[in-house]
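Below is the file data-v3.pdb, which contains PDB, C-alpha atoms.
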ATOM      1  CA  MET E   1     122.611 -58.948 207.611  1.00  0.00           C
ATOM      2  CA  THR E   2     124.477 -60.241 204.556  1.00  0.00           C
ATOM      3  CA  TRP E   3     122.197 -63.282 204.449  1.00  0.00           C
ATOM      4  CA  LEU E   4     119.101 -61.093 204.449  1.00  0.00           C
ATOM      5  CA  LEU E   5     120.338 -58.546 201.901  1.00  0.00           C
ATOM      6  CA  SER E   6     121.514 -61.280 199.531  1.00  0.00           C
ATOM      7  CA  GLU E   7     118.254 -63.201 200.027  1.00  0.00           C
ATOM      8  CA  GLY E   8     120.212 -66.227 201.236  1.00  0.00           C
ATOM      9  CA  ALA E   9     122.805 -66.231 198.451  1.00  0.00           C
ATOM     10  CA  VAL E  10     125.700 -65.327 200.780  1.00  0.00           C
ATOM     11  CA  HIS E  11     126.220 -67.213 204.072  1.00  0.00           C
ATOM     12  CA  VAL E  12     129.114 -65.595 205.960  1.00  0.00           C
ATOM     13  CA  THR E  13     130.107 -64.489 209.435  1.00  0.00           C
ATOM     14  CA  ASP E  14     133.036 -62.394 210.556  1.00  0.00           C
ATOM     15  CA  ARG E  15     135.794 -63.649 212.830  1.00  0.00           C
ATOM     16  CA  SER E  16     134.515 -61.878 215.936  1.00  0.00           C
ATOM     17  CA  ASN E  17     131.071 -63.482 215.631  1.00  0.00           C
ATOM     18  CA  ALA E  18     132.583 -66.881 214.836  1.00  0.00           C
ATOM     19  CA  ALA E  19     134.831 -66.699 217.902  1.00  0.00           C
ATOM     20  CA  VAL E  20     131.934 -66.100 220.293  1.00  0.00           C
ATOM     21  CA  ASN E  21     130.375 -69.532 219.838  1.00  0.00           C
ATOM     22  CA  GLY E  22     133.564 -71.530 220.537  1.00  0.00           C
ATOM     23  CA  LEU E  23     133.243 -73.566 217.338  1.00  0.00           C
ATOM     24  CA  VAL E  24     136.138 -71.891 215.529  1.00  0.00           C
ATOM     25  CA  ARG E  25     139.825 -72.828 215.544  1.00  0.00           C
ATOM     26  CA  LEU E  26     142.173 -70.643 217.574  1.00  0.00           C
ATOM     27  CA  ASP E  27     143.504 -68.930 214.440  1.00  0.00           C
ATOM     28  CA  LEU E  28     139.914 -67.745 213.730  1.00  0.00           C
ATOM     29  CA  THR E  29     140.080 -68.743 210.057  1.00  0.00           C
ATOM     30  CA  THR E  30     138.107 -72.010 209.943  1.00  0.00           C
ATOM     31  CA  TRP E  31     135.578 -73.948 211.937  1.00  0.00           C
ATOM     32  CA  ASP E  32     136.946 -76.597 214.283  1.00  0.00           C
ATOM     33  CA  GLU E  33     135.744 -79.782 212.593  1.00  0.00           C
ATOM     34  CA  ARG E  34     136.472 -81.872 215.698  1.00  0.00           C
ATOM     35  CA  VAL E  35     134.149 -79.743 217.831  1.00  0.00           C
ATOM     36  CA  LEU E  36     131.513 -79.659 215.089  1.00  0.00           C
ATOM     37  CA  SER E  37     131.673 -83.450 214.855  1.00  0.00           C
ATOM     38  CA  ILE E  38     131.219 -83.850 218.623  1.00  0.00           C
ATOM     39  CA  LEU E  39     128.115 -81.659 218.415  1.00  0.00           C
ATOM     40  CA  GLY E  40     126.799 -83.437 215.324  1.00  0.00           C
ATOM     41  CA  LEU E  41     127.083 -80.350 213.134  1.00  0.00           C
ATOM     42  CA  ASP E  42     127.936 -80.627 209.441  1.00  0.00           C
ATOM     43  CA  PRO E  43     130.748 -78.188 208.519  1.00  0.00           C
ATOM     44  CA  VAL E  44     129.084 -77.603 205.139  1.00  0.00           C
ATOM     45  CA  MET E  45     126.168 -75.951 206.934  1.00  0.00           C
ATOM     46  CA  MET E  46     128.392 -73.409 208.698  1.00  0.00           C
ATOM     47  CA  PRO E  47     128.851 -69.916 207.229  1.00  0.00           C
ATOM     48  CA  SER E  48     132.174 -68.968 205.668  1.00  0.00           C
ATOM     49  CA  ILE E  49     134.393 -66.982 208.026  1.00  0.00           C
ATOM     50  CA  VAL E  50     135.412 -63.647 206.503  1.00  0.00           C
ATOM     51  CA  ASP E  51     137.262 -60.486 207.545  1.00  0.00           C
ATOM     52  CA  THR E  52     135.145 -57.950 209.383  1.00  0.00           C
ATOM     53  CA  MET E  53     135.866 -55.206 206.861  1.00  0.00           C
ATOM     54  CA  GLY E  54     135.212 -55.526 203.141  1.00  0.00           C
ATOM     55  CA  ALA E  55     132.616 -56.542 200.602  1.00  0.00           C
ATOM     56  CA  HIS E  56     131.229 -60.031 201.140  1.00  0.00           C
ATOM     57  CA  GLY E  57     128.436 -60.209 198.599  1.00  0.00           C
ATOM     58  CA  TRP E  58     125.840 -58.227 196.715  1.00  0.00           C
ATOM     59  CA  ARG E  59     122.373 -57.269 197.769  1.00  0.00           C
ATOM     60  CA  ALA E  60     119.612 -58.947 195.838  1.00  0.00           C
ATOM     61  CA  ARG E  61     117.404 -55.835 195.938  1.00  0.00           C
ATOM     62  CA  TRP E  62     116.662 -52.944 198.231  1.00  0.00           C
ATOM     63  CA  PRO E  63     114.624 -53.980 201.267  1.00  0.00           C
ATOM     64  CA  ASP E  64     110.989 -52.885 201.251  1.00  0.00           C
ATOM     65  CA  ARG E  65     110.751 -50.119 203.849  1.00  0.00           C
ATOM     66  CA  HIS E  66     107.004 -50.673 204.225  1.00  0.00           C
ATOM     67  CA  ALA E  67     107.073 -54.389 204.972  1.00  0.00           C
TER      68      ALA E  67
END
Starting from the file, lay out its structure as structure tokens.
Amino acid sequence: MTWLLSEGAVHVTDRSNAAVNGLVRLDLTTWDERVLSILGLDPVMMPSIVDTMGAHGWRARWPDRHA
């Protein structure tokens, strides 16, 4: 949702979503670079892991309700 509302300016995921895919360290704060490397994934391409609650970015504009 943040990605869409910021028109791609903010690339984040919360800890609960990050934990589901098994690519995050046990402390749920960063991606597990060893696992990413095994899978051939570049850590730079992964979203930042943020707290579930709080502001994480700004919307670029209001979505068009008629689109």
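Distances here use all atoms listed in the file; by that measure, the residue among E:Val35, E:Met1, E:Glu7, E:Asp51 closest to Gly22 (chain E) is E:Val35.
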Residues within 8 Å of region 9-20 of chain E, please, as number ranges by chain. Count all atoms listed in the file; anything in the same chain fewer than 3 positions from it doesn't count.
E: 2-3, 6, 23-24, 28-29, 47-52, 56-57
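Coordinates place CA of Leu4 (chain E) at a distance of 29.3 Å from CA of Arg34 (chain E).
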To one decimal in Å, tell me the separation between CA of Thr30 (chain E) and CA of Pro43 (chain E).
9.7 Å
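In this structure, CA of Arg25 (chain E) sits 13.3 Å away from CA of Met46 (chain E).
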